[in-house]
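S.K.: First, the structure itself, so that you have it in front of you.
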Amino acid sequence: MYCSHCGYKLDASKVESKKSSFDLTKEIEIDENAEIQYVCPRCGHMIHENLNHPEYRELAQASHAQVQIGSNSFAGGMCLNSLGVILAIISLIFFLLSNKPLAGFVTNCGEFYVAVALLVVAVILLAFGIWKTVVGLKTKLHYSKLLKDINNNTFVQ
């Protein structure tokens, strides 16, 4: 189920497996056809089935916003990846500069320390960059598919 206000995807089976909504209202009799509503953990609006036309429009707008957020995350991740690659190349250059003609590779010179420091920063940037790229691409593809379903009138809450 999706929140029509913010586009948050709520997995009702996981919510119901923790504690059933029917158990919360033991003193009130509920038939099996009763509509169960959930509260969105992100924005606090009610999530329910059988959306009407304005709620479909609101869900489409929220999906467009999520696609934009995914695109921004993907772009930020690619930026971090390119900075990480550039710093790794500079680290390689400094590592090669630590090769002295008479002594070979020296590990107690400034060039080696700079190479190690740049390599650590490059690995951190690459790790965060890959994570943001994957999360952004996944978000973008998921909500693009949701928008396609809404536009083709094949979306069912």
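Letters for chains follow the order of the structure tokens (A, B, ...), residue numbers begin at 1 for each chain, and ligand numbers begin at 1 in the order shown.
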Hey, what's within 10 Å of A:His45 if we count only C-alpha atoms and toss same-chain stuff fewer than 3 positions away? As a JSON list (two decimals) with N, CA and C atoms, in the first residue's frame, please?
M.R.:
```json
[["chain", "number", "residue", "atom", "x", "y", "z"],
["A", 3, "CYS", "N", 1.10, 5.49, 0.54],
["A", 3, "CYS", "CA", 0.48, 6.68, 1.10],
["A", 3, "CYS", "C", 0.22, 7.64, -0.06],
["A", 4, "SER", "N", -1.02, 8.06, -0.21],
["A", 4, "SER", "CA", -1.34, 8.94, -1.33],
["A", 4, "SER", "C", -0.80, 10.35, -1.11],
["A", 5, "HIS", "N", -0.39, 10.68, 0.09],
["A", 5, "HIS", "CA", 0.10, 12.03, 0.37],
["A", 5, "HIS", "C", 1.60, 12.16, 0.08],
["A", 6, "CYS", "N", 2.41, 11.20, 0.55],
["A", 6, "CYS", "CA", 3.86, 11.33, 0.40],
["A", 6, "CYS", "C", 4.49, 10.24, -0.46],
["A", 37, "GLN", "N", -7.43, 0.80, 7.82],
["A", 37, "GLN", "CA", -6.62, 1.95, 7.47],
["A", 37, "GLN", "C", -5.38, 1.97, 8.34],
["A", 38, "TYR", "N", -4.30, 2.42, 7.78],
["A", 38, "TYR", "CA", -3.03, 2.53, 8.49],
["A", 38, "TYR", "C", -2.61, 3.99, 8.52],
["A", 39, "VAL", "N", -1.79, 4.33, 9.48],
["A", 39, "VAL", "CA", -1.23, 5.68, 9.57],
["A", 39, "VAL", "C", 0.16, 5.64, 8.96],
["A", 40, "CYS", "N", 0.41, 6.56, 8.04],
["A", 40, "CYS", "CA", 1.72, 6.63, 7.38],
["A", 40, "CYS", "C", 2.79, 7.03, 8.40],
["A", 41, "PRO", "N", 3.86, 6.25, 8.52],
["A", 41, "PRO", "CA", 4.91, 6.62, 9.48],
["A", 41, "PRO", "C", 5.72, 7.84, 9.06],
["A", 42, "ARG", "N", 5.66, 8.21, 7.79],
["A", 42, "ARG", "CA", 6.44, 9.35, 7.32],
["A", 42, "ARG", "C", 5.69, 10.66, 7.51],
["A", 48, "HIS", "N", -5.22, 3.88, 2.92],
["A", 48, "HIS", "CA", -6.35, 2.96, 2.78],
["A", 48, "HIS", "C", -6.43, 2.50, 1.33]]
```
S.K.: Would you mind listing what lies within 12 Å of stretch 66-73 of chain A as number ranges by chain, with only C-alpha atoms counted and same-chain residues fewer than 3 positions away left out?
M.R.: A: 5-9, 59-63, 76-80, 128-147
S.K.: Excluding same-chain residues fewer than 5 positions from stretch 117-127 of chain A, what lies within 6 Å of it counting only C-alpha atoms, as a PyMOL selection string?
M.R.: chain A and resi 80-81+84+87-88+91
S.K.: For the structure I just gave you, how does DSSP split stretch 56-151 of chain A - specifically, which residues are strand (DSSP E or B)? Reply as a ChimeraX atom specification.
M.R.: /A:99-100,104-105
S.K.: Please return, as a PyMOL selection string, all residues of stretch 45-119 of chain A that DSSP assigns to alpha helix (DSSP H) on the basis of the backbone.
M.R.: chain A and resi 53-97+110-119
S.K.: Atom CA of A:Ser98 and atom CA of A:Glu111 are how many Å apart?
M.R.: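 Going from atom CA of A:Ser98 over to atom CA of A:Glu111 covers 5.3 Å.
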S.K.: Just the number, please: distance in Å from atom CA of A:Gly44 to atom CA of A:Ser13, one decimal.
M.R.: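 We find that atom CA of A:Gly44 and atom CA of A:Ser13 lie 19.2 Å from each other.
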S.K.: Using only C-alpha atoms, pick whichever of A:Gln157, A:Asn50, A:Asn99, A:Ser82 has the shortest atom-to-atom distance to A:Met1.
M.R.: A:Gln157
S.K.: In Å, with one decimal, what is the gap from atom CA of A:Phe112 to atom CA of A:Val85?
M.R.: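 Atom-to-atom, atom CA of A:Phe112 to atom CA of A:Val85, that is 18.2 Å.
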